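See below for my_file.tsv, which holds TSV, C-alpha atoms and all ligand atoms.
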chain	number	residue	atom	x	y	z
A	15	MET	CA	9.39	-38.72	45.89
A	16	ALA	CA	11.33	-38.31	49.12
A	17	GLU	CA	13.86	-36.48	46.86
A	18	LEU	CA	11.20	-33.82	46.28
A	19	LEU	CA	10.94	-33.23	50.04
A	20	ARG	CA	14.72	-32.91	50.33
A	21	LEU	CA	14.78	-30.45	47.42
A	22	LEU	CA	11.96	-28.40	48.95
A	23	LEU	CA	13.88	-28.21	52.23
A	24	ASP	CA	16.94	-26.92	50.33
A	25	VAL	CA	14.99	-24.31	48.38
A	26	SER	CA	13.05	-23.20	51.46
A	27	GLU	CA	16.38	-22.52	53.19
A	28	LYS	CA	17.61	-20.56	50.17
A	29	ALA	CA	14.30	-18.66	50.27
A	30	ALA	CA	14.89	-17.82	53.94
A	31	ASN	CA	18.37	-16.53	53.02
A	32	VAL	CA	16.88	-14.31	50.28
A	33	ALA	CA	14.30	-12.98	52.77
A	34	ARG	CA	17.06	-12.19	55.27
A	35	VAL	CA	19.41	-10.59	52.68
A	36	CYS	CA	16.62	-8.35	51.38
A	37	ARG	CA	15.90	-7.06	54.89
A	38	GLN	CA	19.54	-6.41	55.81
A	39	GLU	CA	19.84	-2.90	54.39
A	40	ALA	CA	16.98	-0.59	55.26
A	41	ALA	CA	17.73	1.66	52.27
A	42	LEU	CA	17.74	-1.28	49.89
A	43	PHE	CA	14.57	-2.69	51.39
A	44	GLU	CA	12.63	0.48	50.68
A	45	LEU	CA	13.34	-0.04	46.98
A	46	LEU	CA	11.85	-3.48	47.17
A	47	VAL	CA	8.27	-2.81	48.20
A	48	GLN	CA	5.48	-2.42	45.68
A	49	GLU	CA	1.71	-2.03	45.99
A	50	LYS	CA	-0.54	-4.71	44.46
A	51	LYS	CA	-3.44	-3.45	42.35
A	52	GLY	CA	-6.57	-4.79	40.64
A	53	ALA	CA	-7.12	-8.53	40.38
A	54	ASP	CA	-3.89	-9.32	42.27
A	55	LYS	CA	-4.99	-7.52	45.44
A	56	ASN	CA	-6.42	-9.19	48.59
A	57	LYS	CA	-9.69	-7.26	49.06
A	58	LYS	CA	-9.43	-7.55	52.81
A	59	PHE	CA	-6.67	-4.95	52.88
A	60	LEU	CA	-7.05	-1.29	51.99
A	61	LYS	CA	-3.57	-1.56	50.50
A	62	ASP	CA	-1.83	-4.85	49.70
A	63	PHE	CA	1.92	-5.06	49.02
A	64	LYS	CA	4.47	-7.41	47.56
A	65	THR	CA	8.25	-7.18	47.86
A	66	LEU	CA	11.01	-8.15	45.46
A	67	ALA	CA	11.81	-10.94	47.94
A	68	ASP	CA	8.30	-12.42	47.37
A	69	VAL	CA	8.79	-12.43	43.59
A	70	ILE	CA	12.39	-13.73	43.64
A	71	ILE	CA	11.62	-16.51	46.12
A	72	GLN	CA	8.65	-17.74	44.11
A	73	GLU	CA	10.62	-17.75	40.84
A	74	MET	CA	13.67	-19.37	42.47
A	75	ILE	CA	11.57	-22.22	43.86
A	76	ARG	CA	9.88	-22.68	40.46
A	77	HIS	CA	13.26	-22.70	38.69
A	78	ASP	CA	15.01	-25.12	41.07
A	79	VAL	CA	12.10	-27.57	41.28
A	80	CYS	CA	11.55	-27.67	37.50
A	81	ALA	CA	15.28	-28.19	36.92
A	82	GLN	CA	15.18	-31.41	38.97
A	83	PHE	CA	11.57	-32.45	38.26
A	84	PRO	CA	10.63	-31.38	34.71
A	85	GLU	CA	7.32	-33.25	35.21
A	86	LEU	CA	6.27	-30.35	37.45
A	87	ASN	CA	6.64	-27.74	34.71
A	88	GLY	CA	3.30	-25.89	34.53
A	89	PHE	CA	2.14	-27.37	37.85
A	90	ILE	CA	3.87	-24.96	40.22
A	91	HIS	CA	1.57	-22.14	41.24
A	92	GLY	CA	2.21	-19.20	43.52
A	93	GLU	CA	0.69	-16.13	45.08
A	94	GLU	CA	2.63	-13.54	43.10
A	95	SER	CA	2.91	-12.45	39.48
A	96	ASN	CA	6.54	-12.36	38.32
A	97	THR	CA	6.73	-8.69	37.39
A	98	PHE	CA	8.24	-5.96	39.49
A	99	GLU	CA	8.50	-2.25	38.84
A	100	ASN	CA	11.79	-0.41	39.41
A	101	GLY	CA	12.30	3.16	40.62
A	102	LEU	CA	12.07	4.43	37.03
A	103	GLY	CA	8.61	2.92	36.62
A	104	GLU	CA	9.88	0.18	34.26
A	105	SER	CA	8.20	-3.18	34.68
A	106	VAL	CA	10.73	-6.05	34.76
A	107	THR	CA	9.83	-9.72	34.52
A	108	VAL	CA	11.82	-11.42	37.25
A	109	THR	CA	13.15	-14.84	36.32
A	110	VAL	CA	15.99	-16.92	37.67
A	111	CYS	CA	18.42	-17.54	34.81
A	112	ALA	CA	20.64	-20.55	34.24
A	113	LYS	CA	23.81	-18.45	34.66
A	114	GLU	CA	24.62	-16.29	37.71
A	115	GLU	CA	25.75	-13.32	35.58
A	116	GLU	CA	22.43	-13.28	33.75
A	117	THR	CA	20.41	-13.27	37.00
A	118	ALA	CA	22.67	-10.51	38.38
A	119	ALA	CA	22.16	-8.35	35.26
A	120	LEU	CA	18.39	-8.76	35.46
A	121	LEU	CA	18.28	-7.93	39.16
A	122	ALA	CA	20.49	-4.86	38.67
A	123	LYS	CA	17.79	-3.57	36.31
A	124	VAL	CA	15.11	-3.92	39.02
A	125	LEU	CA	17.43	-2.46	41.63
A	126	ASP	CA	18.02	0.76	39.70
A	127	GLY	CA	21.58	-0.29	38.79
A	128	ASP	CA	22.68	-1.20	42.35
A	129	GLN	CA	25.30	-3.86	41.41
A	130	THR	CA	26.31	-4.66	45.01
A	131	ALA	CA	22.75	-5.46	46.06
A	132	ALA	CA	22.16	-7.43	42.84
A	133	SER	CA	25.24	-9.60	43.34
A	134	LEU	CA	24.40	-10.24	47.02
A	135	LEU	CA	20.94	-11.42	46.04
A	136	THR	CA	22.26	-13.46	43.12
A	137	LYS	CA	24.63	-15.31	45.46
A	138	ALA	CA	21.76	-16.28	47.73
A	139	ILE	CA	19.69	-17.44	44.72
A	140	HIS	CA	22.41	-19.53	43.07
A	141	GLN	CA	23.87	-20.88	46.31
A	142	LYS	CA	24.19	-24.70	46.34
A	143	LEU	CA	22.84	-25.93	49.65
A	144	GLN	CA	22.99	-29.45	51.00
A	145	PHE	CA	20.57	-29.27	53.85
A	146	ARG	CA	20.91	-32.16	56.33
A	147	ASP	CA	17.70	-33.48	57.84
A	148	GLU	CA	18.08	-37.09	58.99
A	149	LYS	CA	14.39	-37.85	59.20
A	150	ALA	CA	13.79	-36.53	55.67
A	151	GLU	CA	16.77	-38.48	54.36
A	152	SER	CA	15.43	-41.78	55.62
A	153	LEU	CA	11.90	-41.22	54.29
A	154	GLN	CA	10.56	-43.61	51.62
A	155	LEU	CA	7.57	-42.46	49.57
A	156	SER	CA	6.09	-44.09	46.48
A	157	LEU	CA	4.44	-41.13	44.80
A	158	SER	CA	5.13	-39.98	41.25
A	159	PRO	CA	5.97	-36.34	40.41
A	160	ASP	CA	3.45	-36.66	37.56
A	161	ASP	CA	0.69	-36.92	40.15
A	162	VAL	CA	1.39	-33.79	42.18
A	163	ALA	CA	1.33	-30.00	41.91
A	164	ILE	CA	2.64	-27.23	44.17
A	165	TRP	CA	1.36	-24.05	45.85
A	166	ILE	CA	3.94	-21.46	46.96
A	167	ASP	CA	3.41	-18.57	49.33
A	168	PRO	CA	6.90	-17.07	49.02
A	169	ILE	CA	6.36	-14.90	52.10
A	170	ASP	CA	3.24	-15.25	54.19
A	171	GLY	CA	2.78	-12.29	56.50
A	172	THR	CA	4.30	-9.80	54.02
A	173	SER	CA	2.95	-6.90	56.09
A	174	GLN	CA	4.96	-8.14	59.10
A	175	TYR	CA	7.99	-8.66	56.87
A	176	ILE	CA	7.76	-5.09	55.56
A	177	GLU	CA	7.15	-3.58	59.00
A	178	GLY	CA	10.14	-5.57	60.32
A	179	LYS	CA	9.37	-5.39	64.04
A	180	GLU	CA	12.21	-7.25	65.79
A	181	GLU	CA	10.25	-9.47	68.15
A	182	GLU	CA	11.85	-12.80	69.11
A	183	GLU	CA	9.80	-15.94	69.50
A	184	PRO	CA	9.67	-17.21	73.10
A	185	ASP	CA	10.84	-20.80	73.73
A	186	GLU	CA	7.31	-21.97	74.45
A	187	GLY	CA	4.68	-19.74	72.98
A	188	PHE	CA	4.21	-17.46	70.02
A	189	CYS	CA	4.58	-13.84	68.92
A	190	PRO	CA	1.37	-11.91	68.27
A	191	SER	CA	3.20	-9.91	65.58
A	192	GLY	CA	6.65	-9.12	64.21
A	193	LEU	CA	9.20	-10.78	61.94
A	194	PRO	CA	8.75	-14.32	63.37
A	195	CYS	CA	5.22	-14.34	61.86
A	196	ALA	CA	6.65	-14.17	58.31
A	197	LEU	CA	6.94	-17.67	56.79
A	198	VAL	CA	7.90	-19.35	53.52
A	199	LEU	CA	5.21	-21.92	52.66
A	200	ILE	CA	5.56	-24.69	50.04
A	201	GLY	CA	2.67	-27.15	49.78
A	202	VAL	CA	2.35	-30.22	47.52
A	203	TYR	CA	-1.07	-31.65	46.60
A	204	LEU	CA	-2.46	-34.44	44.43
A	205	ARG	CA	-3.51	-33.20	40.98
A	206	ALA	CA	-6.45	-35.62	40.87
A	207	THR	CA	-8.08	-34.99	44.26
A	208	GLY	CA	-6.49	-31.79	45.57
A	209	GLN	CA	-5.48	-33.52	48.81
A	210	PRO	CA	-2.41	-31.93	50.47
A	211	VAL	CA	0.36	-34.53	50.82
A	212	MET	CA	3.58	-32.70	51.64
A	213	GLY	CA	4.37	-29.36	53.26
A	214	VAL	CA	7.50	-27.38	54.10
A	215	ILE	CA	7.37	-24.31	56.35
A	216	ASN	CA	10.46	-22.15	56.80
A	217	GLN	CA	10.52	-19.41	59.44
A	218	PRO	CA	13.45	-17.14	58.44
A	219	PHE	CA	13.27	-14.92	61.54
A	220	LYS	CA	12.81	-17.07	64.63
A	221	CYS	CA	15.36	-15.32	66.85
A	222	LYS	CA	18.48	-13.17	66.65
A	223	ASP	CA	21.80	-14.98	66.11
A	224	PHE	CA	24.47	-15.17	68.83
A	225	MET	CA	26.05	-11.87	67.84
A	226	GLY	CA	22.63	-10.17	67.78
A	227	GLN	CA	23.34	-8.91	64.24
A	228	GLY	CA	21.43	-11.26	61.98
A	229	TRP	CA	18.60	-13.77	62.38
A	230	ARG	CA	18.35	-17.52	62.82
A	231	GLY	CA	15.46	-19.44	61.35
A	232	GLN	CA	13.92	-22.88	61.65
A	233	HIS	CA	11.98	-25.23	59.42
A	234	PHE	CA	9.17	-27.78	59.74
A	235	TRP	CA	7.94	-30.39	57.29
A	236	GLY	CA	5.25	-33.04	57.09
A	237	VAL	CA	4.14	-35.80	54.70
A	238	SER	CA	0.71	-37.43	54.70
A	239	TYR	CA	0.13	-39.94	51.91
A	240	GLY	CA	-1.29	-43.46	52.15
A	241	ASP	CA	0.19	-45.14	55.21
A	242	VAL	CA	2.93	-42.56	55.55
A	243	ASN	CA	2.25	-39.87	58.13
A	244	VAL	CA	5.54	-38.30	59.15
A	245	CYS	CA	6.38	-34.91	60.57
A	246	SER	CA	9.73	-33.27	61.32
A	247	PHE	CA	8.85	-33.09	65.00
A	248	THR	CA	6.93	-35.35	67.36
A	249	GLN	CA	6.02	-33.16	70.29
A	250	ARG	CA	2.29	-32.60	69.91
A	251	ARG	CA	1.84	-30.13	72.71
A	252	PRO	CA	4.36	-28.41	75.03
A	253	LEU	CA	4.32	-29.93	78.52
A	254	CYS	CA	3.25	-26.68	80.15
A	255	LEU	CA	0.07	-26.68	78.09
A	256	GLN	CA	-0.86	-30.34	78.30
A	257	LYS	CA	-3.58	-30.04	80.94
A	258	ARG	CA	-5.70	-27.25	79.61
A	259	ASP	CA	-9.23	-26.98	80.92
A	260	HIS	CA	-10.26	-24.40	78.35
A	261	LEU	CA	-10.53	-24.22	74.59
A	262	SER	CA	-7.90	-21.87	73.16
A	263	VAL	CA	-8.87	-20.22	69.89
A	264	LEU	CA	-6.49	-18.18	67.76
A	265	LEU	CA	-7.97	-15.41	65.59
A	266	SER	CA	-6.92	-12.66	63.24
A	267	SER	CA	-7.16	-9.27	64.96
A	268	SER	CA	-9.39	-8.26	62.03
A	269	GLU	CA	-11.89	-11.08	62.72
A	270	LYS	CA	-15.57	-10.03	62.61
A	271	PRO	CA	-16.79	-8.54	65.93
A	272	VAL	CA	-19.73	-10.98	66.04
A	273	VAL	CA	-17.34	-13.98	66.09
A	274	LYS	CA	-15.25	-12.42	68.85
A	275	ASP	CA	-18.42	-11.54	70.82
A	276	VAL	CA	-19.92	-15.04	70.65
A	277	LEU	CA	-16.66	-16.67	71.70
A	278	THR	CA	-16.00	-14.11	74.48
A	279	THR	CA	-19.31	-14.93	76.19
A	280	LEU	CA	-18.24	-18.58	76.67
A	281	SER	CA	-16.58	-19.12	80.02
A	282	ASN	CA	-14.21	-21.91	78.96
A	283	VAL	CA	-12.86	-20.27	75.80
A	284	LYS	CA	-9.63	-18.29	75.68
A	285	LEU	CA	-9.19	-16.00	72.66
A	286	MET	CA	-5.76	-15.13	71.34
A	287	TYR	CA	-4.51	-13.16	68.35
A	288	ALA	CA	-1.54	-13.43	65.98
A	289	SER	CA	-0.48	-12.18	62.56
A	290	GLY	CA	-0.09	-14.21	59.39
A	291	ALA	CA	-2.44	-16.97	58.30
A	292	GLY	CA	0.41	-19.52	57.98
A	293	TYR	CA	1.82	-18.54	61.38
A	294	LYS	CA	-1.56	-19.04	63.03
A	295	ILE	CA	-1.80	-22.55	61.52
A	296	LEU	CA	1.77	-23.22	62.68
A	297	CYS	CA	0.65	-22.40	66.24
A	298	VAL	CA	-2.03	-25.12	65.91
A	299	ILE	CA	0.53	-27.57	64.46
A	300	GLN	CA	2.78	-26.98	67.47
A	301	GLY	CA	-0.07	-27.48	69.93
A	302	LEU	CA	0.18	-23.91	71.23
A	303	VAL	CA	-3.55	-23.38	70.66
A	304	ASP	CA	-6.45	-25.74	69.97
A	305	VAL	CA	-7.91	-24.12	66.86
A	306	TYR	CA	-7.42	-21.25	64.45
A	307	LEU	CA	-10.52	-20.02	62.72
A	308	LEU	CA	-11.22	-17.31	60.18
A	309	SER	CA	-14.82	-16.55	59.23
A	310	GLU	CA	-14.04	-14.76	55.96
A	311	GLY	CA	-12.69	-15.92	52.61
A	312	SER	CA	-9.48	-13.89	52.89
A	313	THR	CA	-6.98	-16.76	52.96
A	314	PHE	CA	-5.93	-18.51	49.77
A	315	LYS	CA	-4.78	-21.96	48.65
A	316	TRP	CA	-1.14	-20.86	48.92
A	317	ASP	CA	-1.69	-19.82	52.59
A	318	SER	CA	-3.07	-23.16	53.77
A	319	CYS	CA	-1.71	-25.96	51.54
A	320	ALA	CA	1.71	-26.47	53.23
A	321	PRO	CA	0.59	-26.23	56.88
A	322	HIS	CA	-2.48	-28.37	56.05
A	323	ALA	CA	-0.18	-31.25	55.02
A	324	LEU	CA	1.64	-31.00	58.37
A	325	LEU	CA	-1.63	-31.00	60.30
A	326	ARG	CA	-2.80	-34.10	58.41
A	327	ALA	CA	0.49	-35.86	59.17
A	328	LEU	CA	-0.24	-35.24	62.87
A	329	GLY	CA	-3.87	-36.41	62.68
A	330	GLY	CA	-5.47	-32.98	62.37
A	331	GLY	CA	-6.84	-31.01	59.43
A	332	ILE	CA	-8.28	-27.82	57.96
A	333	SER	CA	-11.96	-27.57	57.04
A	334	ASP	CA	-14.20	-25.02	55.38
A	335	LEU	CA	-15.79	-23.20	58.35
A	336	ASN	CA	-19.10	-22.42	56.61
A	337	GLU	CA	-19.55	-26.04	55.53
A	338	CYS	CA	-18.90	-27.20	59.11
A	339	LEU	CA	-21.45	-24.71	60.48
A	340	HIS	CA	-24.10	-25.78	57.92
A	341	SER	CA	-23.51	-29.48	58.59
A	342	TYR	CA	-23.89	-28.86	62.32
A	343	VAL	CA	-27.14	-26.87	61.90
A	344	ASN	CA	-28.54	-29.53	59.51
A	345	GLY	CA	-27.57	-32.35	61.86
A	346	SER	CA	-25.57	-34.19	59.18
A	347	ASP	CA	-22.83	-36.36	60.65
A	348	GLY	CA	-20.83	-37.33	57.56
A	349	PRO	CA	-17.03	-37.01	57.46
A	350	ARG	CA	-15.72	-33.50	58.13
A	351	PRO	CA	-15.04	-31.86	54.72
A	352	GLU	CA	-11.35	-31.01	54.30
A	353	LEU	CA	-10.06	-28.20	52.09
A	354	THR	CA	-8.73	-29.26	48.69
A	355	TYR	CA	-6.30	-27.44	46.42
A	356	HIS	CA	-6.90	-28.35	42.77
A	357	GLU	CA	-10.08	-26.52	41.75
A	358	PRO	CA	-10.65	-22.77	41.38
A	359	ASN	CA	-13.88	-21.00	42.40
A	360	ASN	CA	-15.16	-20.51	38.85
A	361	ARG	CA	-17.68	-17.86	39.82
A	362	SER	CA	-14.94	-15.58	41.20
A	363	GLN	CA	-12.36	-13.35	39.51
A	364	GLY	CA	-8.64	-12.68	40.01
A	365	VAL	CA	-7.03	-13.98	43.22
A	366	ASP	CA	-10.48	-14.80	44.63
A	367	ARG	CA	-10.62	-17.81	42.29
A	368	TRP	CA	-8.20	-19.43	44.75
A	369	ALA	CA	-9.68	-18.11	48.00
A	370	ASN	CA	-10.70	-20.45	50.82
A	371	ARG	CA	-14.11	-18.93	50.31
A	372	GLY	CA	-16.07	-20.30	53.26
A	373	GLY	CA	-13.47	-19.33	55.88
A	374	ILE	CA	-11.33	-21.95	57.59
A	375	ILE	CA	-10.95	-23.86	60.82
A	376	ALA	CA	-7.60	-25.57	61.57
A	377	TYR	CA	-7.24	-28.16	64.33
A	378	LEU	CA	-5.03	-30.97	65.61
A	379	ASP	CA	-7.74	-32.66	67.61
A	380	SER	CA	-11.09	-32.94	65.81
A	381	SER	CA	-13.07	-32.80	69.09
A	382	MET	CA	-11.75	-29.23	69.57
A	383	CYS	CA	-12.97	-28.35	66.09
A	384	ASP	CA	-16.40	-29.81	66.91
A	385	LYS	CA	-16.61	-27.84	70.17
A	386	THR	CA	-15.81	-24.58	68.39
A	387	VAL	CA	-18.30	-25.24	65.60
A	388	ALA	CA	-21.00	-26.11	68.16
A	389	ALA	CA	-20.33	-22.83	69.99
A	390	LEU	CA	-20.66	-20.75	66.81
A	391	ALA	CA	-23.38	-22.55	64.83
A	392	GLY	CA	-26.48	-20.44	64.23
A	393	LYS	CA	-24.90	-17.41	65.92
A	394	ILE	CA	-22.57	-15.87	63.33
B	401	LIG	O1	1.00	-11.99	53.50
B	401	LIG	P1	0.21	-12.76	52.52
B	401	LIG	O2	0.97	-13.90	51.90
B	401	LIG	O3	-0.48	-11.90	51.50
B	401	LIG	O4	-0.97	-13.59	53.33
B	401	LIG	C1	-1.90	-12.94	54.14
B	401	LIG	C2	-3.19	-13.77	54.24
B	401	LIG	O5	-3.74	-13.98	52.98
B	401	LIG	C3	-4.17	-13.04	55.15
B	401	LIG	O6	-5.33	-13.83	55.32
B	401	LIG	C4	-3.58	-12.76	56.53
B	401	LIG	O7	-4.44	-11.94	57.26
B	401	LIG	P2	-4.97	-12.38	58.72
B	401	LIG	O8	-3.79	-12.79	59.54
B	401	LIG	O9	-5.64	-11.13	59.21
B	401	LIG	O10	-5.91	-13.51	58.44
B	401	LIG	C5	-2.29	-11.99	56.39
B	401	LIG	O11	-1.74	-11.82	57.66
B	401	LIG	P3	-1.25	-10.36	58.18
B	401	LIG	O12	-2.39	-9.40	57.88
B	401	LIG	O13	-1.05	-10.58	59.62
B	401	LIG	O14	-0.01	-10.07	57.41
B	401	LIG	C6	-1.31	-12.78	55.55
B	401	LIG	O15	-1.10	-14.05	56.12
B	402	MG	MG	-0.13	-15.57	52.53
B	403	MG	MG	2.49	-14.10	50.58
Show me this structure written as structure tokens.
Ligand SMILES: O=P(O)(O)O[C@H]1[C@H](O)[C@@H](O)[C@H](OP(=O)(O)O)[C@@H](OP(=O)(O)O)[C@H]1O
Ligand SMILES: [Mg+2]
Ligand SMILES: [Mg+2]
Amino acid sequence: MAELLRLLLDVSEKAANVARVCRQEAALFELLVQEKKGADKNKKFLKDFKTLADVIIQEMIRHDVCAQFPELNGFIHGEESNTFENGLGESVTVTVCAKEEETAALLAKVLDGDQTAASLLTKAIHQKLQFRDEKAESLQLSLSPDDVAIWIDPIDGTSQYIEGKEEEEPDEGFCPSGLPCALVLIGVYLRATGQPVMGVINQPFKCKDFMGQGWRGQHFWGVSYGDVNVCSFTQRRPLCLQKRDHLSVLLSSSEKPVVKDVLTTLSNVKLMYASGAGYKILCVIQGLVDVYLLSEGSTFKWDSCAPHALLRALGGGISDLNECLHSYVNGSDGPRPELTYHEPNNRSQGVDRWANRGGIIAYLDSSMCDKTVAALAGKI
């Protein structure tokens, strides 16, 4: 199963290339944005959008993974539907074809006949990459493809991707908003228990390249299965942040006022804000903050599965916030319930079937999670 990790690293890099190509030409990019309606829409937003990059990336990952692991056919799920409307109002089903010419012809249809853009995108999709990652190459993992399934968030932080603000990520620290907050997330979980076991995160826009024309990205991965807990990096917390005497909590700027108010009144808590659910979890993974919490059910399985696997590989986790608060109030001291990824919320409709309904709390160090829960219990 280590081959699956290596394949996911390759496809995540191709996905990052597609994301970068689509953003290159402003005029082209405008063609590529479409509003989500009805059951597909995240209710948190007044308007929710997807881009052609979202749809292509999801279908490309599905295509490439099924080609090498046919056992995963029907077990690869993603945020987006695979239809996209062109400028003429025609709805086109976007699929990645076996032959380059076929993919190019299909994309030209979505791109209102723009052959140049279609062939540029097709090149990125059909590119053969041999990504080198020594640690991933030496990994041994005895897990069968028949036992796993996949969640894809082709672009997390689509609003930041569309806005395209050219912030660069500082060497130590994070961006509150801008292109670096947009991530490709691919998470693998066990079909039987829903436990996340492997995650790949690709950040297509970390900083500008040397010429200042294009962007350079970076990737992270983690595996947590049985005795194997391996992550692409070992640094748990940047040196400058090692001796913190406060609890740092990362929130969405749209977090409920009551949550912000309760946390603001505590003297040893520092509140920070950033865009993108995946990006906020990545900040926890990198030790830049202690916890990320969201009190509403507006993240989904595809947002949390990949980064959850990385957190588990590092000894942390993601729990349902409401369940943690109830357990605390009721004085139960059983194991902290971790999010799982295999079962829908049957009482909900549309995308909400896959929402992390009770909100989430992500942490590296469980004592930080406990402190935060203790501060909020009975007050929100
Ligand atoms: O861009 P998609 O893949 O649709 O995922 C969204 C998540 O589902 C939302 O929960 C995020 O909103 P918050 O960052 O306000 O939690 C949202 O972050 P954003 O509002 O900063 O773009 C995204 O991460
Ligand atoms: Mg998302
Ligand atoms: Mg998304």
>> Counting all atoms listed in the file, what are the residues, protein, DNA or RNA alike, that approach ligand MG 403 (chain B) to within 7 Å? I want them as a ChimeraX atom specification.
In response: /A:68,93,167-172
>> If the limit is 7 Å from any atom of ligand LIG 401 (chain B), counting all atoms listed in the file, which residues qualify? Return them as a list of chain:residue names.
In response: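 After applying the 7 Å limit, what remains is A:Asp167, A:Ile169, A:Asp170, A:Gly171, A:Thr172, A:Ser173, A:Gln174, A:Ser266, A:Ser267, A:Ser268, A:Ala288, A:Ser289, A:Gly290, A:Ala291, A:Gly292, A:Leu308, A:Ser312, A:Thr313, A:Phe314, A:Asp317.
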>> Between A:His260, A:His91, A:Lys113, A:Lys222, which residue has the minimum interatomic distance to Gln141 (chain A), considering all atoms listed in the file?
In response: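 Of all the options, A:Lys113 lies closest to Gln141 (chain A).
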>> Here's a test: counting all atoms listed in the file, identify every protein, DNA and RNA residue with an atom at most 10 Å from (-7.1, -14.7, 73.7) in the file's coordinate frame, and state them as a ChimeraX atom specification.
In response: /A:262-265,274,277-278,283-288,303
Suppose we keep C-alpha atoms; can you now write the selection as a PDB file, in the coordinates of the input?
ATOM      1  CA  SER A 262      -7.900 -21.870  73.160  1.00  0.00           C
ATOM      2  CA  VAL A 263      -8.870 -20.220  69.890  1.00  0.00           C
ATOM      3  CA  LEU A 264      -6.490 -18.180  67.760  1.00  0.00           C
ATOM      4  CA  LEU A 265      -7.970 -15.410  65.590  1.00  0.00           C
ATOM      5  CA  LYS A 274     -15.250 -12.420  68.850  1.00  0.00           C
ATOM      6  CA  LEU A 277     -16.660 -16.670  71.700  1.00  0.00           C
ATOM      7  CA  THR A 278     -16.000 -14.110  74.480  1.00  0.00           C
ATOM      8  CA  VAL A 283     -12.860 -20.270  75.800  1.00  0.00           C
ATOM      9  CA  LYS A 284      -9.630 -18.290  75.680  1.00  0.00           C
ATOM     10  CA  LEU A 285      -9.190 -16.000  72.660  1.00  0.00           C
ATOM     11  CA  MET A 286      -5.760 -15.130  71.340  1.00  0.00           C
ATOM     12  CA  TYR A 287      -4.510 -13.160  68.350  1.00  0.00           C
ATOM     13  CA  ALA A 288      -1.540 -13.430  65.980  1.00  0.00           C
ATOM     14  CA  VAL A 303      -3.550 -23.380  70.660  1.00  0.00           C
TER      15      VAL A 303
END
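Going from CA of Val343 (chain A) over to CA of Lys270 (chain A), you cover 20.4 Å.
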> When distances are computed from all atoms listed in the file, which of A:Asn216, A:Gln363, A:Ser318, A:Ser191 shows the smallest separation from ligand MG 402 (chain B)?
Replying inline: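 Smallest separation from ligand MG 402 (chain B) among the options: A:Ser318.
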>> Measuring between only C-alpha atoms and all ligand atoms, which one of A:Asn336, A:Asn56, A:Ser133, A:Ser309 shows the shortest distance to ligand MG 402 (chain B)?
In response: A:Asn56
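Every protein or nucleic acid residue with an atom no more than 10 Å from Arg76 (chain A), counting all atoms listed in the file and leaving out same-chain residues fewer than 6 positions away, appears here: Val25, Ile70, Leu86, Asn87, Gly88, Phe89, Ile90, His91, Gly92, Thr109, Val110, Ile164 and Ile166 of chain A.
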> Distance CA of Leu335 (chain A)-CA of Val242 (chain A), one decimal place?
Replying inline: 27.1 Å
>> Please list as a list in words every residue within 7 Å of region 148-150 of chain A, counting all atoms listed in the file and excluding residues in the same chain fewer than 3 positions away.
In response: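 Answer for this query is Arg20, Leu153 and Ser246 of chain A.
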>> Report as a VMD selection string all protein, DNA and RNA residues lying within 9 Å of Leu143 (chain A), evaluated on only C-alpha atoms, omitting residues in the same chain fewer than 4 positions from it.
In response: chain A and resid 24 to 25 27 to 28
> From the list A:Val214, A:Leu19, A:Leu197, A:Ala29, which residue is nearest His140 (chain A) when using all atoms listed in the file?
Replying inline: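 Of A:Val214, A:Leu19, A:Leu197, A:Ala29, the one nearest His140 (chain A) is A:Ala29, counting all atoms listed in the file.
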Would you pick out the contacts of Ile295 (chain A) at 9 Å or less, using only C-alpha atoms, so that residues sharing its chain but fewer than 6 positions from it are not included, and give the list as a short mmCIF file (atom, residue, chain, number, x, y, z; two decimals) with C-alpha atoms, in the frame of the given file?
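Contents of selection.cif, as written:
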data_model
loop_
_atom_site.label_atom_id
_atom_site.label_comp_id
_atom_site.auth_asym_id
_atom_site.auth_seq_id
_atom_site.Cartn_x
_atom_site.Cartn_y
_atom_site.Cartn_z
CA LEU A 264 -6.49 -18.18 67.76
CA VAL A 305 -7.91 -24.12 66.86
CA TYR A 306 -7.42 -21.25 64.45
CA SER A 318 -3.07 -23.16 53.77
CA PRO A 321 0.59 -26.23 56.88
CA HIS A 322 -2.48 -28.37 56.05
CA LEU A 325 -1.63 -31.00 60.30
CA ALA A 376 -7.60 -25.57 61.57
CA TYR A 377 -7.24 -28.16 64.33
#
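The gap separating CA of Ala53 (chain A) from CA of His356 (chain A) is 20.0 Å, in Å to one decimal.
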>> Show me, as a VMD selection string, the residues that have an atom within 6 Å of Gly236 (chain A) when counting only C-alpha atoms, minus same-chain residues fewer than 5 positions from it.
In response: chain A and resid 212 to 213 244 to 245 324 327
>> My list of candidates is A:Ile75, A:Gly372, A:Asp347, A:Cys195. Which is closest to ligand MG 402 (chain B) when distances are computed with all atoms listed in the file?
In response: A:Cys195
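Counting all atoms listed in the file, the residue from A:Cys80, A:Leu193, A:Ala119, A:Val47 that sits nearest to Glu99 (chain A) is A:Val47.
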>> Residues proximal to (-2.6, -37.5, 37.9) were defined as those with any atom within 8 Å of that point in the file's coordinates, counting all atoms listed in the file. Which are they, as a PyMOL selection string?
In response: chain A and resi 160-162+204-206
Return as AutoDock Vina command-line options the box centre and box size in Å, one decimal, for an axis-aligned box around all listed atoms of region 135-154 of chain A padded by 5 Å per side.
--center_x 17.6 --center_y -27.5 --center_z 51.1 --size_x 24.1 --size_y 42.2 --size_z 26.1
